[in-house]
Protein chains: 6
Amino acid sequence: MPYVNIKITREGNVTPEQKQALIEGATNLLHDVLGKNKKTTVVVIDEVDTDNWGIGGISVTEIRKRNN
Amino acid sequence: MPYVNIKITREGNVTPEQKQALIEGATNLLHDVLGKNKKTTVVVIDEVDTDNWGIGGISVTEIRKRNN
Amino acid sequence: MPYVNIKITREGNVTPEQKQALIEGATNLLHDVLGKNKKTTVVVIDEVDTDNWGIGGISVTEIRKRNN
Amino acid sequence: MPYVNIKITREGNVTPEQKQALIEGATNLLHDVLGKNKKTTVVVIDEVDTDNWGIGGISVTEIRKRNN
Amino acid sequence: MPYVNIKITREGNVTPEQKQALIEGATNLLHDVLGKNKKTTVVVIDEVDTDNWGIGGISVTEIRKRNN
Amino acid sequence: MPYVNIKITREGNVTPEQKQALIEGATNLLHDVLGKNKKTTVVVIDEVDTDNWGIGGISVTEIRKRNN
């Protein structure tokens, strides 16, 4: 019954299929490495606005601006 | 001053009254079991899209489809 | 399949029975209010050292000292 | 590489500049107090609807109503 | 710069090598599915006492007892 | 009533005074930037073993070994 939380920035480009791949991959990872029961493994993906995510003291919104 | 975080799927059916009942119930639970001060108990409810929540390696969106 | 996280200070006084009561209470709350399936409701209790928990800008260790 | 998560209520009044100030302030705080490397410090701000945040057993939506 | 948090029960049987495999696996997953930069992907593993983890309203400590 | 969670690695070198400084600093930050009430601001510091924290696909334990 592991619980996996994946936080990523919300940049309008993650498809339902990719989310399904993250869910499947994380569930398989816990099964393969620790033998955990896939049926009770919970995976939650949080998507965060780029204004709300900072690294190195700068918001991702600002980082993206500087990179473009 | 406990902090309670409740994560549920966002399926468009949780009313403000139900959220109030969750807040009240969780606050009372910490008070009744551990004698915690209701005034400083914080309850936060996170609603997560069904694409973003997986169990058994499958997203809830997909689970709901299969069940219908 | 709700996920409930309860964070409380670690003050050496929460018994296994009280933790079981918190787990049961939180699970029943999600069932009673939202009709959630008890079997897939996950409850995780985090106990945090009083040095590591602050309210009003003061650690709980310090608050406890001032109250004694 | 610290990770700082700031949860606040979503009341439509937090500007991108204020979010940037929170990101910068939290990053500087970890650097100034613990000498952490700013470049790998992650700050994530979660904004929560007032229906979904309770204190003292009452939702912030209700608290705001009573205060107005 | 994704952030992945893996919560598992603390049952004295997860080796440093298995933790490294979880870290590597989760990092590769975000890279393979979303093209995320491995260098800034953070993975944090939380181990929780079995008294502190409940599913179906019962602590894992109790579940383990019943299964033995 | 903001909630701030600071996650850092447990490397045996963070003193109670530094934790108090983190608590105070985070509380003041929310007050100064958003005018939040210090009295209801909660700060929780989580310390994570270096085996349990990975960046770039490598545990901090391993990173520290390579750097020494």
# chains A, B, ... in the order shown; residues from 1 in each chain; ligands from 1
$ residues_around --residues "D:Lys65" --least-positions-apart "4" --cutoff "12 Å" --atoms "only C-alpha atoms" --output "list in words"
Thr50, Asp51, Ile58, Ser59, Val60 and Thr61 of chain D
$ calpha_fit_and_write --fixed "chain C" --moving "chain E" --output "PDB file with C-alpha atoms, in the first residue's frame"
ATOM      1  CA  MET E   1      -9.385   5.432  -2.001  1.00  0.00           C
ATOM      2  CA  PRO E   2      -8.954   8.671  -0.036  1.00  0.00           C
ATOM      3  CA  TYR E   3      -5.605   9.481   1.549  1.00  0.00           C
ATOM      4  CA  VAL E   4      -5.611  11.145   4.962  1.00  0.00           C
ATOM      5  CA  ASN E   5      -2.396  12.493   6.501  1.00  0.00           C
ATOM      6  CA  ILE E   6      -2.477  13.524  10.177  1.00  0.00           C
ATOM      7  CA  LYS E   7       0.511  15.493  11.484  1.00  0.00           C
ATOM      8  CA  ILE E   8       0.886  15.847  15.254  1.00  0.00           C
ATOM      9  CA  THR E   9       3.765  16.690  17.551  1.00  0.00           C
ATOM     10  CA  ARG E  10       5.771  13.786  18.991  1.00  0.00           C
ATOM     11  CA  GLU E  11       5.400  14.234  22.743  1.00  0.00           C
ATOM     12  CA  GLY E  12       5.765  10.596  23.795  1.00  0.00           C
ATOM     13  CA  ASN E  13       2.179  10.256  24.808  1.00  0.00           C
ATOM     14  CA  VAL E  14       0.228   8.827  21.868  1.00  0.00           C
ATOM     15  CA  THR E  15      -0.494   5.133  22.403  1.00  0.00           C
ATOM     16  CA  PRO E  16      -0.999   2.495  19.659  1.00  0.00           C
ATOM     17  CA  GLU E  17      -4.645   2.362  20.718  1.00  0.00           C
ATOM     18  CA  GLN E  18      -5.041   6.104  20.168  1.00  0.00           C
ATOM     19  CA  LYS E  19      -3.389   5.793  16.740  1.00  0.00           C
ATOM     20  CA  GLN E  20      -5.807   2.970  15.903  1.00  0.00           C
ATOM     21  CA  ALA E  21      -8.678   5.260  17.007  1.00  0.00           C
ATOM     22  CA  LEU E  22      -7.394   8.033  14.712  1.00  0.00           C
ATOM     23  CA  ILE E  23      -7.115   5.574  11.795  1.00  0.00           C
ATOM     24  CA  GLU E  24     -10.580   4.181  12.424  1.00  0.00           C
ATOM     25  CA  GLY E  25     -12.108   7.615  12.993  1.00  0.00           C
ATOM     26  CA  ALA E  26     -10.634   9.142   9.836  1.00  0.00           C
ATOM     27  CA  THR E  27     -11.667   6.109   7.747  1.00  0.00           C
ATOM     28  CA  ASN E  28     -15.221   6.209   9.110  1.00  0.00           C
ATOM     29  CA  LEU E  29     -15.392   9.974   8.507  1.00  0.00           C
ATOM     30  CA  LEU E  30     -14.647   9.597   4.772  1.00  0.00           C
ATOM     31  CA  HIS E  31     -17.136   6.733   4.582  1.00  0.00           C
ATOM     32  CA  ASP E  32     -19.906   8.504   6.487  1.00  0.00           C
ATOM     33  CA  VAL E  33     -19.566  11.892   4.765  1.00  0.00           C
ATOM     34  CA  LEU E  34     -18.637  10.864   1.226  1.00  0.00           C
ATOM     35  CA  GLY E  35     -19.501   7.165   1.090  1.00  0.00           C
ATOM     36  CA  LYS E  36     -15.893   6.258   0.408  1.00  0.00           C
ATOM     37  CA  ASN E  37     -14.837   2.598   0.466  1.00  0.00           C
ATOM     38  CA  LYS E  38     -13.177   1.888   3.810  1.00  0.00           C
ATOM     39  CA  LYS E  39     -11.069  -0.894   2.320  1.00  0.00           C
ATOM     40  CA  THR E  40      -9.056   1.468   0.123  1.00  0.00           C
ATOM     41  CA  THR E  41      -8.849   4.443   2.506  1.00  0.00           C
ATOM     42  CA  VAL E  42      -5.237   5.114   3.563  1.00  0.00           C
ATOM     43  CA  VAL E  43      -4.439   7.008   6.779  1.00  0.00           C
ATOM     44  CA  VAL E  44      -0.871   8.033   7.630  1.00  0.00           C
ATOM     45  CA  ILE E  45       0.086   9.652  10.945  1.00  0.00           C
ATOM     46  CA  ASP E  46       3.272  11.720  11.059  1.00  0.00           C
ATOM     47  CA  GLU E  47       4.748  12.530  14.481  1.00  0.00           C
ATOM     48  CA  VAL E  48       7.014  15.578  14.480  1.00  0.00           C
ATOM     49  CA  ASP E  49       9.582  16.549  17.127  1.00  0.00           C
ATOM     50  CA  THR E  50       8.584  19.662  19.091  1.00  0.00           C
ATOM     51  CA  ASP E  51      11.803  21.401  17.968  1.00  0.00           C
ATOM     52  CA  ASN E  52      10.565  20.906  14.402  1.00  0.00           C
ATOM     53  CA  TRP E  53       7.050  22.326  14.804  1.00  0.00           C
ATOM     54  CA  GLY E  54       6.399  26.041  15.170  1.00  0.00           C
ATOM     55  CA  ILE E  55       3.297  28.161  15.625  1.00  0.00           C
ATOM     56  CA  GLY E  56       3.268  31.925  15.974  1.00  0.00           C
ATOM     57  CA  GLY E  57       6.995  31.913  15.107  1.00  0.00           C
ATOM     58  CA  ILE E  58       7.948  29.847  18.156  1.00  0.00           C
ATOM     59  CA  SER E  59       8.846  26.167  18.369  1.00  0.00           C
ATOM     60  CA  VAL E  60       6.533  23.942  20.429  1.00  0.00           C
ATOM     61  CA  THR E  61       9.541  23.052  22.590  1.00  0.00           C
ATOM     62  CA  GLU E  62       9.799  26.718  23.546  1.00  0.00           C
ATOM     63  CA  ILE E  63       6.036  27.073  23.962  1.00  0.00           C
ATOM     64  CA  ARG E  64       5.957  24.099  26.343  1.00  0.00           C
ATOM     65  CA  LYS E  65       8.844  25.609  28.367  1.00  0.00           C
ATOM     66  CA  ARG E  66       7.032  28.932  28.709  1.00  0.00           C
ATOM     67  CA  ASN E  67       3.821  27.194  29.771  1.00  0.00           C
ATOM     68  CA  ASN E  68       5.545  25.186  32.547  1.00  0.00           C
TER      69      ASN E  68
END
$ select_by_dssp --residues "chain B" --states "strand (DSSP E)" --output "PDB file with N, CA, C and O atoms, in the first residue's frame"
ATOM      1  N   TYR B   3      -2.324  19.096  12.098  1.00  0.00           N
ATOM      2  CA  TYR B   3      -2.572  19.435  10.695  1.00  0.00           C
ATOM      3  C   TYR B   3      -3.083  18.175  10.008  1.00  0.00           C
ATOM      4  O   TYR B   3      -2.430  17.134  10.056  1.00  0.00           O
ATOM      5  N   VAL B   4      -4.279  18.260   9.453  1.00  0.00           N
ATOM      6  CA  VAL B   4      -4.867  17.092   8.778  1.00  0.00           C
ATOM      7  C   VAL B   4      -5.040  17.418   7.295  1.00  0.00           C
ATOM      8  O   VAL B   4      -5.654  18.432   6.945  1.00  0.00           O
ATOM      9  N   ASN B   5      -4.501  16.554   6.438  1.00  0.00           N
ATOM     10  CA  ASN B   5      -4.638  16.762   4.993  1.00  0.00           C
ATOM     11  C   ASN B   5      -5.450  15.596   4.420  1.00  0.00           C
ATOM     12  O   ASN B   5      -5.070  14.438   4.611  1.00  0.00           O
ATOM     13  N   ILE B   6      -6.559  15.901   3.791  1.00  0.00           N
ATOM     14  CA  ILE B   6      -7.432  14.881   3.202  1.00  0.00           C
ATOM     15  C   ILE B   6      -7.350  15.018   1.682  1.00  0.00           C
ATOM     16  O   ILE B   6      -7.658  16.077   1.132  1.00  0.00           O
ATOM     17  N   LYS B   7      -6.909  13.946   1.024  1.00  0.00           N
ATOM     18  CA  LYS B   7      -6.835  13.975  -0.447  1.00  0.00           C
ATOM     19  C   LYS B   7      -7.923  13.058  -1.004  1.00  0.00           C
ATOM     20  O   LYS B   7      -7.984  11.872  -0.671  1.00  0.00           O
ATOM     21  N   ILE B   8      -8.750  13.617  -1.868  1.00  0.00           N
ATOM     22  CA  ILE B   8      -9.819  12.855  -2.513  1.00  0.00           C
ATOM     23  C   ILE B   8      -9.830  13.189  -3.996  1.00  0.00           C
ATOM     24  O   ILE B   8      -9.282  14.216  -4.412  1.00  0.00           O
ATOM     25  N   THR B   9     -10.457  12.331  -4.782  1.00  0.00           N
ATOM     26  CA  THR B   9     -10.543  12.627  -6.209  1.00  0.00           C
ATOM     27  C   THR B   9     -11.574  13.729  -6.432  1.00  0.00           C
ATOM     28  O   THR B   9     -12.566  13.829  -5.690  1.00  0.00           O
ATOM     29  N   ARG B  10     -11.329  14.546  -7.465  1.00  0.00           N
ATOM     30  CA  ARG B  10     -12.277  15.618  -7.825  1.00  0.00           C
ATOM     31  C   ARG B  10     -13.263  15.038  -8.856  1.00  0.00           C
ATOM     32  O   ARG B  10     -12.899  14.807 -10.002  1.00  0.00           O
ATOM     33  N   VAL B  42      -5.777  22.515  12.022  1.00  0.00           N
ATOM     34  CA  VAL B  42      -5.912  22.919  10.612  1.00  0.00           C
ATOM     35  C   VAL B  42      -6.276  21.694   9.776  1.00  0.00           C
ATOM     36  O   VAL B  42      -5.667  20.627   9.935  1.00  0.00           O
ATOM     37  N   VAL B  43      -7.291  21.829   8.945  1.00  0.00           N
ATOM     38  CA  VAL B  43      -7.690  20.749   8.035  1.00  0.00           C
ATOM     39  C   VAL B  43      -7.649  21.287   6.602  1.00  0.00           C
ATOM     40  O   VAL B  43      -8.235  22.348   6.328  1.00  0.00           O
ATOM     41  N   VAL B  44      -6.950  20.598   5.730  1.00  0.00           N
ATOM     42  CA  VAL B  44      -6.868  21.012   4.323  1.00  0.00           C
ATOM     43  C   VAL B  44      -7.319  19.854   3.436  1.00  0.00           C
ATOM     44  O   VAL B  44      -6.843  18.723   3.590  1.00  0.00           O
ATOM     45  N   ILE B  45      -8.264  20.123   2.563  1.00  0.00           N
ATOM     46  CA  ILE B  45      -8.791  19.114   1.642  1.00  0.00           C
ATOM     47  C   ILE B  45      -8.227  19.382   0.243  1.00  0.00           C
ATOM     48  O   ILE B  45      -8.375  20.490  -0.287  1.00  0.00           O
ATOM     49  N   ASP B  46      -7.541  18.388  -0.305  1.00  0.00           N
ATOM     50  CA  ASP B  46      -7.043  18.496  -1.680  1.00  0.00           C
ATOM     51  C   ASP B  46      -7.928  17.653  -2.592  1.00  0.00           C
ATOM     52  O   ASP B  46      -8.133  16.459  -2.321  1.00  0.00           O
ATOM     53  N   GLU B  47      -8.441  18.249  -3.667  1.00  0.00           N
ATOM     54  CA  GLU B  47      -9.215  17.490  -4.664  1.00  0.00           C
ATOM     55  C   GLU B  47      -8.343  17.295  -5.894  1.00  0.00           C
ATOM     56  O   GLU B  47      -7.789  18.257  -6.430  1.00  0.00           O
ATOM     57  N   VAL B  48      -8.229  16.060  -6.331  1.00  0.00           N
ATOM     58  CA  VAL B  48      -7.287  15.691  -7.386  1.00  0.00           C
ATOM     59  C   VAL B  48      -8.056  15.149  -8.600  1.00  0.00           C
ATOM     60  O   VAL B  48      -8.949  14.302  -8.437  1.00  0.00           O
ATOM     61  N   ASP B  49      -7.714  15.638  -9.788  1.00  0.00           N
ATOM     62  CA  ASP B  49      -8.373  15.140 -11.013  1.00  0.00           C
ATOM     63  C   ASP B  49      -8.200  13.630 -11.140  1.00  0.00           C
ATOM     64  O   ASP B  49      -7.154  13.087 -10.762  1.00  0.00           O
ATOM     65  N   TRP B  53      -4.883  10.548 -10.453  1.00  0.00           N
ATOM     66  CA  TRP B  53      -4.922   9.639  -9.289  1.00  0.00           C
ATOM     67  C   TRP B  53      -4.961   8.213  -9.822  1.00  0.00           C
ATOM     68  O   TRP B  53      -5.814   7.867 -10.652  1.00  0.00           O
ATOM     69  N   GLY B  54      -4.004   7.415  -9.378  1.00  0.00           N
ATOM     70  CA  GLY B  54      -3.984   6.030  -9.844  1.00  0.00           C
ATOM     71  C   GLY B  54      -3.974   5.058  -8.679  1.00  0.00           C
ATOM     72  O   GLY B  54      -3.428   5.334  -7.618  1.00  0.00           O
ATOM     73  N   ILE B  55      -4.582   3.922  -8.886  1.00  0.00           N
ATOM     74  CA  ILE B  55      -4.533   2.824  -7.903  1.00  0.00           C
ATOM     75  C   ILE B  55      -4.456   1.525  -8.686  1.00  0.00           C
ATOM     76  O   ILE B  55      -5.140   1.373  -9.701  1.00  0.00           O
ATOM     77  N   ILE B  58      -3.599   1.980 -12.472  1.00  0.00           N
ATOM     78  CA  ILE B  58      -4.574   2.501 -13.450  1.00  0.00           C
ATOM     79  C   ILE B  58      -5.168   3.817 -12.934  1.00  0.00           C
ATOM     80  O   ILE B  58      -5.438   3.939 -11.738  1.00  0.00           O
ATOM     81  N   SER B  59      -5.337   4.767 -13.828  1.00  0.00           N
ATOM     82  CA  SER B  59      -5.913   6.041 -13.371  1.00  0.00           C
ATOM     83  C   SER B  59      -7.383   5.839 -13.019  1.00  0.00           C
ATOM     84  O   SER B  59      -8.063   4.954 -13.553  1.00  0.00           O
TER      85      SER B  59
END
$ select_by_dssp --residues "chain B" --states "helix (DSSP H, G or I)" --output "JSON, numbers by chain"
{"B": [16, 17, 18, 19, 20, 21, 22, 23, 24, 25, 26, 27, 28, 29, 30, 31, 32, 33, 34, 38, 39, 40, 50, 51, 52, 60, 61, 62, 63, 64, 65, 66, 67]}
$ write_last_selection --atoms "N, CA, C and O atoms" --output "CSV table (one decimal), in the first residue's frame"
chain,number,residue,atom,x,y,z
B,16,PRO,N,-20.0,22.0,-0.5
B,16,PRO,CA,-19.4,22.8,0.6
B,16,PRO,C,-19.9,22.2,2.0
B,16,PRO,O,-19.1,22.2,2.9
B,17,GLU,N,-21.1,21.7,2.0
B,17,GLU,CA,-21.6,21.2,3.3
B,17,GLU,C,-20.8,19.9,3.7
B,17,GLU,O,-20.5,19.7,4.8
B,18,GLN,N,-20.5,19.1,2.7
B,18,GLN,CA,-19.8,17.9,2.9
B,18,GLN,C,-18.3,18.2,3.4
B,18,GLN,O,-17.8,17.6,4.2
B,19,LYS,N,-17.8,19.3,2.7
B,19,LYS,CA,-16.4,19.7,3.1
B,19,LYS,C,-16.4,20.2,4.5
B,19,LYS,O,-15.5,19.9,5.3
B,20,GLN,N,-17.5,20.9,4.9
B,20,GLN,CA,-17.6,21.4,6.3
B,20,GLN,C,-17.7,20.2,7.2
B,20,GLN,O,-17.1,20.2,8.3
B,21,ALA,N,-18.4,19.2,6.8
B,21,ALA,CA,-18.5,18.0,7.7
B,21,ALA,C,-17.2,17.3,7.8
B,21,ALA,O,-16.9,16.8,8.9
B,22,LEU,N,-16.4,17.3,6.8
B,22,LEU,CA,-15.1,16.7,6.8
B,22,LEU,C,-14.2,17.5,7.8
B,22,LEU,O,-13.5,16.9,8.6
B,23,ILE,N,-14.3,18.8,7.7
B,23,ILE,CA,-13.4,19.7,8.5
B,23,ILE,C,-13.8,19.5,10.0
B,23,ILE,O,-13.0,19.3,10.9
B,24,GLU,N,-15.1,19.5,10.2
B,24,GLU,CA,-15.6,19.4,11.6
B,24,GLU,C,-15.3,18.0,12.2
B,24,GLU,O,-14.7,17.9,13.3
B,25,GLY,N,-15.5,17.0,11.3
B,25,GLY,CA,-15.3,15.6,11.8
B,25,GLY,C,-13.8,15.4,12.1
B,25,GLY,O,-13.5,14.8,13.2
B,26,ALA,N,-12.9,15.9,11.3
B,26,ALA,CA,-11.5,15.7,11.5
B,26,ALA,C,-11.0,16.4,12.7
B,26,ALA,O,-10.3,15.9,13.6
B,27,THR,N,-11.5,17.6,12.9
B,27,THR,CA,-11.2,18.4,14.1
B,27,THR,C,-11.7,17.8,15.4
B,27,THR,O,-10.9,17.7,16.3
B,28,ASN,N,-12.9,17.3,15.3
B,28,ASN,CA,-13.5,16.6,16.5
B,28,ASN,C,-12.7,15.4,16.8
B,28,ASN,O,-12.5,15.0,18.0
B,29,LEU,N,-12.3,14.7,15.8
B,29,LEU,CA,-11.5,13.4,16.0
B,29,LEU,C,-10.2,13.6,16.8
B,29,LEU,O,-9.9,13.0,17.7
B,30,LEU,N,-9.5,14.7,16.4
B,30,LEU,CA,-8.2,15.0,17.1
B,30,LEU,C,-8.5,15.4,18.5
B,30,LEU,O,-7.7,15.2,19.4
B,31,HIS,N,-9.6,16.1,18.7
B,31,HIS,CA,-10.0,16.6,20.0
B,31,HIS,C,-10.4,15.4,20.9
B,31,HIS,O,-9.9,15.2,22.0
B,32,ASP,N,-11.3,14.6,20.3
B,32,ASP,CA,-11.8,13.5,21.1
B,32,ASP,C,-10.8,12.4,21.5
B,32,ASP,O,-10.7,11.9,22.6
B,33,VAL,N,-9.9,12.1,20.5
B,33,VAL,CA,-8.9,11.0,20.7
B,33,VAL,C,-7.7,11.5,21.5
B,33,VAL,O,-7.1,10.9,22.4
B,34,LEU,N,-7.2,12.7,21.1
B,34,LEU,CA,-5.9,13.2,21.7
B,34,LEU,C,-6.1,14.5,22.5
B,34,LEU,O,-5.1,15.0,23.1
B,38,LYS,N,-9.2,22.4,19.5
B,38,LYS,CA,-9.9,22.6,18.2
B,38,LYS,C,-9.5,23.9,17.5
B,38,LYS,O,-9.4,24.0,16.3
B,39,LYS,N,-9.3,24.9,18.3
B,39,LYS,CA,-9.0,26.3,17.7
B,39,LYS,C,-7.8,26.3,16.8
B,39,LYS,O,-7.7,27.1,16.0
B,40,THR,N,-6.8,25.4,17.1
B,40,THR,CA,-5.6,25.5,16.4
B,40,THR,C,-5.4,24.3,15.4
B,40,THR,O,-4.3,24.0,14.9
B,50,THR,N,-9.2,13.0,-11.7
B,50,THR,CA,-9.2,11.5,-11.8
B,50,THR,C,-8.1,11.0,-12.8
B,50,THR,O,-7.6,9.9,-12.6
B,51,ASP,N,-7.6,11.9,-13.7
B,51,ASP,CA,-6.5,11.5,-14.5
B,51,ASP,C,-5.2,11.4,-13.7
B,51,ASP,O,-4.2,10.8,-14.0
B,52,ASN,N,-5.2,12.2,-12.6
B,52,ASN,CA,-4.0,12.4,-11.8
B,52,ASN,C,-3.9,11.5,-10.6
B,52,ASN,O,-3.0,11.6,-9.7
B,60,VAL,N,-7.9,6.7,-12.1
B,60,VAL,CA,-9.3,6.6,-11.7
B,60,VAL,C,-10.2,6.9,-12.9
B,60,VAL,O,-11.3,6.3,-13.0
B,61,THR,N,-9.8,7.7,-13.8
B,61,THR,CA,-10.5,8.0,-15.0
B,61,THR,C,-10.8,6.7,-15.7
B,61,THR,O,-11.9,6.4,-16.1
B,62,GLU,N,-9.8,5.9,-15.9
B,62,GLU,CA,-9.9,4.6,-16.6
B,62,GLU,C,-10.7,3.6,-15.8
B,62,GLU,O,-11.5,2.9,-16.4
B,63,ILE,N,-10.5,3.6,-14.5
B,63,ILE,CA,-11.3,2.7,-13.6
B,63,ILE,C,-12.8,3.0,-13.8
B,63,ILE,O,-13.6,2.1,-13.9
B,64,ARG,N,-13.1,4.3,-13.7
B,64,ARG,CA,-14.5,4.7,-13.8
B,64,ARG,C,-15.1,4.3,-15.2
B,64,ARG,O,-16.2,3.7,-15.3
B,65,LYS,N,-14.3,4.4,-16.2
B,65,LYS,CA,-14.8,4.0,-17.6
B,65,LYS,C,-15.1,2.5,-17.6
B,65,LYS,O,-16.1,2.0,-18.1
B,66,ARG,N,-14.2,1.7,-17.0
B,66,ARG,CA,-14.3,0.2,-17.0
B,66,ARG,C,-15.5,-0.2,-16.2
B,66,ARG,O,-16.2,-1.2,-16.5
B,67,ASN,N,-15.8,0.6,-15.1
B,67,ASN,CA,-17.0,0.3,-14.3
B,67,ASN,C,-18.3,0.7,-14.9
B,67,ASN,O,-19.3,0.2,-14.4
